[in-house]
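Trainee: Let me begin by handing over the structure; questions about it come next.
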Amino acid sequence: MILVGEVGELSKIFQWRGETPNELLDWKEEEKQHLAKELSNVLLYLVRLYNICGIDLGKAALRKVDPNAIKYPVSKTNLYNEGSESH
C-alpha cells in the first residue's frame with residue numbers, strides 16, 4: 001500500500017530529531033519544505049483511501065474528538081503546552 005510507504009518517508013524525517021518543537025524554529029527552510037511535501041503525500045493518499053472505502057473522513061474524524069480528548073487530555077500532553085518545561 002502506497003500510504004504505508006509515504007508514512008515511512010515521513011517518519012524518517014523525525015527519526016533522529018527527538019522532541020518536535022512548535023513551529024520548527026530550528027529547522028532549515030528546505031527541511032520544512034520537504035516535511036510539507038511528505039505530509040501532503042500522506043494526506044492525499046489517506047483522503048483517497050477514505051474515498052475508495054466510502055467512508056466520510058470528516059464524520060469519522062469528528063467521532064474521534066471526544067474519545068481522544070478523554071484518552072489524551074491536553075493537560076497531560078506536550079503537544080499544546082507551549083510553556084511546558086518539558087520542551
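Residue numbers start at 1 in each chain; chains themselves are named A, B, ... in the order of the C-alpha cells; ligands are numbered from 1 in the order shown.
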Tell me, which residues of chain A carry DSSP alpha helix (DSSP H), written as a ChimeraX atom specification?
Mentor: /A:2-14,29-53,57-71
Trainee: Could you pull the residues within 8 Å of segment 29-36 of chain A, counting only C-alpha atoms, minus those fewer than 5 positions along the same chain, as an NGL selection string?
Mentor: :A and (10 or 13 or 24)
Trainee: Kindly save the residues from that selection, with C-alpha atoms included, as a compact mmCIF listing (two decimals), in the first residue's frame.
Mentor:
```
# COMPACT_ATOMS: atom_id res chain seq x y z
CA LEU A 10 7.51 10.96 6.80
CA ILE A 13 12.24 12.99 8.74
CA LEU A 24 10.06 24.00 13.86
```
Trainee: Select, from A:Ala61, A:Leu25, A:Val47, A:Val42, the residue with the minimum atom-to-atom distance to Val7 of chain A, counting only C-alpha atoms.
Mentor: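 Nearest candidate to Val7 of chain A out of A:Ala61, A:Leu25, A:Val47, A:Val42: A:Val42.
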